[in-house]
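Structure, as structure tokens:
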Amino acid sequence: MDIPASPSVVLCRAVCKSFRGKGHAAATQALDGVALTVPTGAMVALVGPDGAGKTTLIRLIMGLMPPDSGAITVLGHNIVQSPHAAESSVSYMPQKFGLYEDLTVQENLDLYADLHNVSTRERRERYPILFSMTNLGRFSDRLAGRLSGGMKQKLGLACALVQSPRLLVLDEPTVGVDPVSRRELWSILLDLVKQQSLTVLVSTPYLEEAELCGHTVVMFQGRILAEGAPQAVADYARQRTFHLATRPGVQPRRVAAAWLTNSAVVDAVPEGGQVRVVFKTPAGATATPPSVPDEPGFRGAGPDVTVFKEVQPHFADGFMVLLRQAMAPPRDLPASPGGGAPLPVSARGAAPPPPQTAAMPSAEPVVEVRDLVRRFGNFVAVDQVNFQISRGEIFGLLGPNGAGKSTTFRMLCGLLPLTSGTLRVAGHDLRHARASARQTVGYVAQKFSLYSHLSVRDNLEFFASAYGLRGRRRRQRLAWAVAEFGFSTLLASATGRIPDGFKRRLAMACALLHEPRILFLDEPTSGVDPLARREFWKRITAMADEGVTVVVTTHFMEEAEYCDRMVIMMNGRILAQGTPAAIRQLGATAAVTEPTMEDAFIHVVRRDPRRSSSQAGT
Amino acid sequence: MSARAKLAKPRRIFAMSRKEARQMLRDPSSIALGIVLPLLLILLFGYGLSLDAHHVPIAVVLEDHSPAAQSLFGAFAGSRYFRPRALYSMAAAEKLLSAGRVDGILRLRHEFSRELAAGHARLQYVTDSIDANRARLIQNYARGVIAAWLAQRALTHGWREISPVALQPQIWFNRGLNSRYFLVPGLLVLIMTLIGALMTALVVAREWERGTFEALFATPVKPGEIVISKILPYFGLGMTGFAVTVAAARLLFHVPLRGSLLVLILVAALYLLVALGMGLFISTRAKNQFIASQAALLLTFLPAMMLSGFIFDLRSMPPAVQAITYVLPARYFVALLQTLFLAGDIWSVVVPNAAVLLVMAVLLLGMTRRLTVKRLV
């Protein structure tokens, strides 16, 4: 079939691409018969969880990899035959922004201008525009490596725009960037599309960002599930999306966790102090929710819920409906319950309930942090941080990459000495406490601390020994971990070869073997698809119910809804602290009556007097 | 569009090389490798790795108390190579040797003076041969001391020379004092291999790791331009390292340069191109810094050190290992260096060795150019 001379900028047909597995691992099908059309002057968003194939598709379009089969045309050039034919008219910003960190802002711009043959005259016109668009003018002599994530992202964009491309391709430009910078980037992009009739193809794992684009393409496991205007995707959840108000004193996250287990429910998340539920079947004409079957373990329809109210579906709701449909035949390991299928909720299983739960008053602080400071040379990573966490709380540390969350965490876990301040975890400073004090703490690092050449069983047994478990208790806890996390068929597999979702579960299982009273989780949901994120939060909710104190960091603002209390961190400092409801209210303005967590974050950051000086990082 | 891209080539090469040079100059490790390391190696090899042994502790077992035996002990005591300790039983000496307190035992038996008078004295020398090279060296020094003692004795006693044939080679071996003369120039092979191969392999791997190649590949830059821009700055750094080493060799250690400086520079430049070719060739395959550095060390640096004839004599290697050395560029460079520094512009050596290097440079850089494609997988 020949390609018609259409006004489309990118045309993909039946594109397949697989990657050879390492060692004995099976090959992964990254793209499976993808067809995509990007019309001239459009802004198209590729949306999907990590591993959906977004980056692979973009790299194929950029001619950076050959497809296994299929046709790709960019600006009329056959990219499969001549991969570099379109490169002088296309600008590309890869995930890591493609900046040279040891060159200054100006030197990076000059380099890309030279490579794109931009003349001196064109530069004189273009540089001032780029500098004013990105606010980088003041920093032109600064090394790119010393810019904050948001500034790097804008410099990456400026480098892609030194020429006037006909097509701009951006691969996850907003990942790891603070919400304020994310909003700024999107407004720049929308302006460009409007004023210069530029065509933009952009990928993002943030579902709410897709709503800003004219056209969205939902990808999952190498296939395109749906495409169309954001509203068209949202419509998949029309008449199925409800807000559930809960009885006072009942935490929405617990109701959400219960509703998620029900087979009639597609999605349930805490939102704005209520529970947002998406049902499998549409509501009747009376706008009442579909009837929910009684199922074992399901207590959500009981007295905890007071009011149902149908609401406008969001893009994310439609996305979840599509995802659940696509998941129906689980494509995961044969014996595993799929990426997001519910697991037993009890986090304790056969183990006897910990005795302290009832005895301890819940208001007693388990973690106390006062005037915590950590410097690395001149750089202040954590600056005068104060907070207290009570027993059984889920406490969230929110903020973009580089906010100081992980540094705070490492100090709490006794892995990093403090520069100044005081810190107590369960009455100890873990850095100086004896090993017995560490027994009360479990820690799951951002990069799983697993031995990838050992089997799943070896890893579990090693961590059991490391925590000093012996005899009957050891056997019980190992049996609990296997049953709870669904490892029974994987026990003999090398840990390096099991799917990422299971690695994450294994890391968590290892941290829970010794039944810690306090659990530290560093970015447990980053790079996790929405279904697995729901499963994770369900488990955390169940653990908190049993008196485990959970401290968790995340850069997903909406996940704050699962926390009892939270802090917002940025550039090493705490900008706001309180319950999710209280923090959300900080974002309320005359125009925004029902602010989201992200609105609140942006409001808090914008009113911060030190923002302008600290924007560029150190 | 393509015509425009072709025309702008010099500008892109300039832009890319300037970027590379800036990165190199801002990276402290490149200065360390280009200037500090040569100086450090020169000091280490020049002063530290001397093939001479000084004040070696040995036990001299004097079972014979004759004046002749006393005089031989005196000869050892007077030598700067030995610090002898007089003992009177072999058992005591063996105890010291096993305790590592002495490095050898010289035994003068009861019949020593009698045999000496008869003209066929036999000495027993026991060495601690854990370090075989050092043991051999010490043994040879001992022979030297004894030979000198015999000669002295012959002179004072007005005797005829005693078995001169056996003594000659020991004196020749003591030319090890001049080992610096070939060790210091030989350092050039190490320094230029490190800068040429290790550094370039690392900087390319860094571009893979940091994802900058992905952005670069999406621009109209040509693969050949990427290769050239990696070569130019590191060629400059390598020649700087060369200059530092040669200057130090001449000024600090007064190593003679008997060939012409110009030929030396040309030959060094040629070898540097080969080293750059090896580094860039490795980097087309190794896409992270760890693998790149391991590959560069194993494939270029260690062979240059062990199998080039720089420290270990190639002729004393087994034939199979000798055969391997023929594919190593370092071997030809060491041959050139030793000739140019110690012998002079001997064209029958310079021309064939330089020709081999030239062929290698062309092959390696050509292959690198072919293998550098703007593709991620």
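By convention here, the chains of the structure tokens are called A, B, ... in the order presented, each chain's residues are numbered starting at 1, and ligands are numbered starting at 1 in the order presented.
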For this session: Write out as a VMD selection string the residues lying within 10 Å of segment 418-433 of chain A, counting only C-alpha atoms and excluding same-chain residues fewer than 5 positions away.
Result: chain A and resid 364 to 376 380 382 to 389 391 407 to 408 410 to 413 438 440 to 441 517 to 518
Requested write-out: N, CA and C atoms of the selected residues, as an mmCIF file, in the first residue's frame:
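Written file, result.cif:
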data_model
loop_
_atom_site.group_PDB
_atom_site.id
_atom_site.type_symbol
_atom_site.label_atom_id
_atom_site.label_comp_id
_atom_site.auth_asym_id
_atom_site.auth_seq_id
_atom_site.Cartn_x
_atom_site.Cartn_y
_atom_site.Cartn_z
ATOM 1 N N GLU A 364 0.923 9.216 70.284
ATOM 2 C CA GLU A 364 2.351 9.272 70.631
ATOM 3 C C GLU A 364 3.207 9.383 69.358
ATOM 4 N N PRO A 365 4.120 10.330 69.288
ATOM 5 C CA PRO A 365 4.906 10.449 68.060
ATOM 6 C C PRO A 365 5.885 9.285 67.930
ATOM 7 N N VAL A 366 5.892 8.670 66.777
ATOM 8 C CA VAL A 366 6.804 7.569 66.511
ATOM 9 C C VAL A 366 8.057 8.109 65.837
ATOM 10 N N VAL A 367 7.841 9.135 65.027
ATOM 11 C CA VAL A 367 8.966 9.767 64.356
ATOM 12 C C VAL A 367 8.927 11.252 64.696
ATOM 13 N N GLU A 368 10.070 11.760 65.139
ATOM 14 C CA GLU A 368 10.146 13.171 65.487
ATOM 15 C C GLU A 368 11.343 13.770 64.779
ATOM 16 N N VAL A 369 11.135 14.822 64.053
ATOM 17 C CA VAL A 369 12.225 15.455 63.313
ATOM 18 C C VAL A 369 12.231 16.932 63.671
ATOM 19 N N ARG A 370 13.370 17.419 64.174
ATOM 20 C CA ARG A 370 13.453 18.832 64.538
ATOM 21 C C ARG A 370 14.639 19.491 63.881
ATOM 22 N N ASP A 371 14.377 20.590 63.178
ATOM 23 C CA ASP A 371 15.426 21.438 62.587
ATOM 24 C C ASP A 371 16.457 20.620 61.818
ATOM 25 N N LEU A 372 15.951 19.645 61.096
ATOM 26 C CA LEU A 372 16.858 18.757 60.380
ATOM 27 C C LEU A 372 17.515 19.497 59.218
ATOM 28 N N VAL A 373 18.853 19.402 59.145
ATOM 29 C CA VAL A 373 19.615 20.038 58.060
ATOM 30 C C VAL A 373 20.603 19.030 57.521
ATOM 31 N N ARG A 374 20.714 18.993 56.221
ATOM 32 C CA ARG A 374 21.756 18.178 55.608
ATOM 33 C C ARG A 374 22.370 18.970 54.458
ATOM 34 N N ARG A 375 23.680 19.132 54.522
ATOM 35 C CA ARG A 375 24.408 19.823 53.449
ATOM 36 C C ARG A 375 25.312 18.840 52.738
ATOM 37 N N PHE A 376 25.450 19.029 51.440
ATOM 38 C CA PHE A 376 26.488 18.345 50.679
ATOM 39 C C PHE A 376 27.362 19.454 50.116
ATOM 40 N N VAL A 380 22.520 22.793 50.107
ATOM 41 C CA VAL A 380 21.679 22.413 51.242
ATOM 42 C C VAL A 380 20.555 21.530 50.712
ATOM 43 N N VAL A 382 18.619 19.411 52.589
ATOM 44 C CA VAL A 382 17.485 19.452 53.515
ATOM 45 C C VAL A 382 17.734 20.630 54.447
ATOM 46 N N ASP A 383 16.735 21.519 54.540
ATOM 47 C CA ASP A 383 16.963 22.805 55.192
ATOM 48 C C ASP A 383 15.900 23.028 56.266
ATOM 49 N N GLN A 384 16.268 22.824 57.525
ATOM 50 C CA GLN A 384 15.375 23.142 58.647
ATOM 51 C C GLN A 384 14.022 22.457 58.521
ATOM 52 N N VAL A 385 14.041 21.157 58.490
ATOM 53 C CA VAL A 385 12.800 20.411 58.330
ATOM 54 C C VAL A 385 12.291 19.941 59.696
ATOM 55 N N ASN A 386 10.999 20.135 59.940
ATOM 56 C CA ASN A 386 10.360 19.720 61.188
ATOM 57 C C ASN A 386 9.091 18.941 60.865
ATOM 58 N N PHE A 387 8.921 17.773 61.475
ATOM 59 C CA PHE A 387 7.607 17.132 61.458
ATOM 60 C C PHE A 387 7.558 16.026 62.496
ATOM 61 N N GLN A 388 6.343 15.584 62.799
ATOM 62 C CA GLN A 388 6.121 14.489 63.739
ATOM 63 C C GLN A 388 5.148 13.522 63.100
ATOM 64 N N ILE A 389 5.358 12.237 63.343
ATOM 65 C CA ILE A 389 4.454 11.230 62.795
ATOM 66 C C ILE A 389 3.953 10.366 63.942
ATOM 67 N N ARG A 391 1.776 7.046 65.627
ATOM 68 C CA ARG A 391 1.658 5.619 65.366
ATOM 69 C C ARG A 391 0.443 5.325 64.488
ATOM 70 N N THR A 407 16.803 12.289 50.679
ATOM 71 C CA THR A 407 17.845 12.620 51.658
ATOM 72 C C THR A 407 17.254 12.572 53.065
ATOM 73 N N THR A 408 16.067 13.141 53.235
ATOM 74 C CA THR A 408 15.392 13.095 54.528
ATOM 75 C C THR A 408 15.184 11.645 54.947
ATOM 76 N N ARG A 410 16.841 8.957 54.032
ATOM 77 C CA ARG A 410 18.060 8.219 54.388
ATOM 78 C C ARG A 410 18.514 8.605 55.781
ATOM 79 N N MET A 411 18.262 9.858 56.166
ATOM 80 C CA MET A 411 18.635 10.258 57.516
ATOM 81 C C MET A 411 17.725 9.579 58.535
ATOM 82 N N LEU A 412 16.434 9.508 58.225
ATOM 83 C CA LEU A 412 15.495 8.848 59.131
ATOM 84 C C LEU A 412 15.885 7.395 59.358
ATOM 85 N N CYS A 413 16.335 6.737 58.289
ATOM 86 C CA CYS A 413 16.672 5.328 58.392
ATOM 87 C C CYS A 413 18.076 5.113 58.930
ATOM 88 N N ARG A 438 16.757 -1.179 65.067
ATOM 89 C CA ARG A 438 16.465 -1.284 63.640
ATOM 90 C C ARG A 438 15.425 -2.352 63.351
ATOM 91 N N THR A 440 12.636 -2.553 64.442
ATOM 92 C CA THR A 440 11.287 -1.999 64.370
ATOM 93 C C THR A 440 11.041 -1.313 63.027
ATOM 94 N N VAL A 441 12.071 -1.226 62.194
ATOM 95 C CA VAL A 441 11.970 -0.413 60.990
ATOM 96 C C VAL A 441 12.145 -1.271 59.744
ATOM 97 N N ARG A 517 7.399 -2.121 62.783
ATOM 98 C CA ARG A 517 6.328 -1.256 63.256
ATOM 99 C C ARG A 517 6.289 0.034 62.451
ATOM 100 N N ILE A 518 7.403 0.333 61.801
ATOM 101 C CA ILE A 518 7.472 1.538 60.972
ATOM 102 C C ILE A 518 8.019 1.130 59.607
#
Go through chain A and flag each residue having an atom no more than 8 Å from chain B; for those, report the closest pair of atoms plus their distance in Å to one decimal, using only C-alpha atoms, ordered by chain and rising number, as JSON lines.
{"residue": "A:Met62", "atom": "CA", "partner": "B:Ala218", "partner_atom": "CA", "distance": 6.7}
{"residue": "A:Gly63", "atom": "CA", "partner": "B:Arg375", "partner_atom": "CA", "distance": 7.5}
{"residue": "A:Leu64", "atom": "CA", "partner": "B:Arg375", "partner_atom": "CA", "distance": 4.6}
{"residue": "A:Met65", "atom": "CA", "partner": "B:Arg375", "partner_atom": "CA", "distance": 5.6}
{"residue": "A:His84", "atom": "CA", "partner": "B:Pro220", "partner_atom": "CA", "distance": 7.8}
{"residue": "A:Glu87", "atom": "CA", "partner": "B:Thr219", "partner_atom": "CA", "distance": 5.9}
{"residue": "A:Ser88", "atom": "CA", "partner": "B:Pro220", "partner_atom": "CA", "distance": 5.8}
{"residue": "A:Val90", "atom": "CA", "partner": "B:Ala218", "partner_atom": "CA", "distance": 7.9}
{"residue": "A:Ser91", "atom": "CA", "partner": "B:Ala218", "partner_atom": "CA", "distance": 7.2}
{"residue": "A:Tyr92", "atom": "CA", "partner": "B:Ala218", "partner_atom": "CA", "distance": 6.4}
{"residue": "A:Met93", "atom": "CA", "partner": "B:Ala215", "partner_atom": "CA", "distance": 6.4}
{"residue": "A:Pro94", "atom": "CA", "partner": "B:Ala215", "partner_atom": "CA", "distance": 6.1}
{"residue": "A:Gln95", "atom": "CA", "partner": "B:Gly211", "partner_atom": "CA", "distance": 8.0}
{"residue": "A:Lys96", "atom": "CA", "partner": "B:Gly211", "partner_atom": "CA", "distance": 6.0}
{"residue": "A:Phe97", "atom": "CA", "partner": "B:Ala215", "partner_atom": "CA", "distance": 7.6}
{"residue": "A:Gly98", "atom": "CA", "partner": "B:Thr212", "partner_atom": "CA", "distance": 4.2}
{"residue": "A:Leu99", "atom": "CA", "partner": "B:Thr212", "partner_atom": "CA", "distance": 6.1}
{"residue": "A:Tyr100", "atom": "CA", "partner": "B:Thr212", "partner_atom": "CA", "distance": 6.9}
{"residue": "A:Asp102", "atom": "CA", "partner": "B:Gln23", "partner_atom": "CA", "distance": 6.0}
{"residue": "A:Leu103", "atom": "CA", "partner": "B:Gln23", "partner_atom": "CA", "distance": 6.9}
{"residue": "A:Glu107", "atom": "CA", "partner": "B:Lys19", "partner_atom": "CA", "distance": 7.9}
{"residue": "A:Leu111", "atom": "CA", "partner": "B:Ala15", "partner_atom": "CA", "distance": 6.0}
{"residue": "A:Tyr112", "atom": "CA", "partner": "B:Thr219", "partner_atom": "CA", "distance": 7.9}
{"residue": "A:Asp114", "atom": "CA", "partner": "B:Arg12", "partner_atom": "CA", "distance": 5.9}
{"residue": "A:Leu115", "atom": "CA", "partner": "B:Arg12", "partner_atom": "CA", "distance": 5.5}
{"residue": "A:His116", "atom": "CA", "partner": "B:Pro220", "partner_atom": "CA", "distance": 6.3}
{"residue": "A:Asn117", "atom": "CA", "partner": "B:Ala8", "partner_atom": "CA", "distance": 6.8}
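Shortest separation to Lys230 of chain B among B:Ala286, B:Leu302, B:Leu276, B:Leu358 occurs at residue B:Leu276, atoms counted being only C-alpha atoms.
Distances here use only C-alpha atoms; by that measure, the residue among B:Ser129, B:Thr300, B:Ser89, B:Ser293 closest to Ile191 of chain B is B:Thr300.
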Exercise. Got a sec to tell me which of segment 101-138 of chain A DSSP assigns to helix (DSSP H, G or I), as a ChimeraX atom specification?
Worked result: /A:105-115,120-134,137-138
Problem set entry | Length of the atom CA of Phe182 of chain B to atom CA of Leu363 of chain B vector [Å] | 29.3 Å
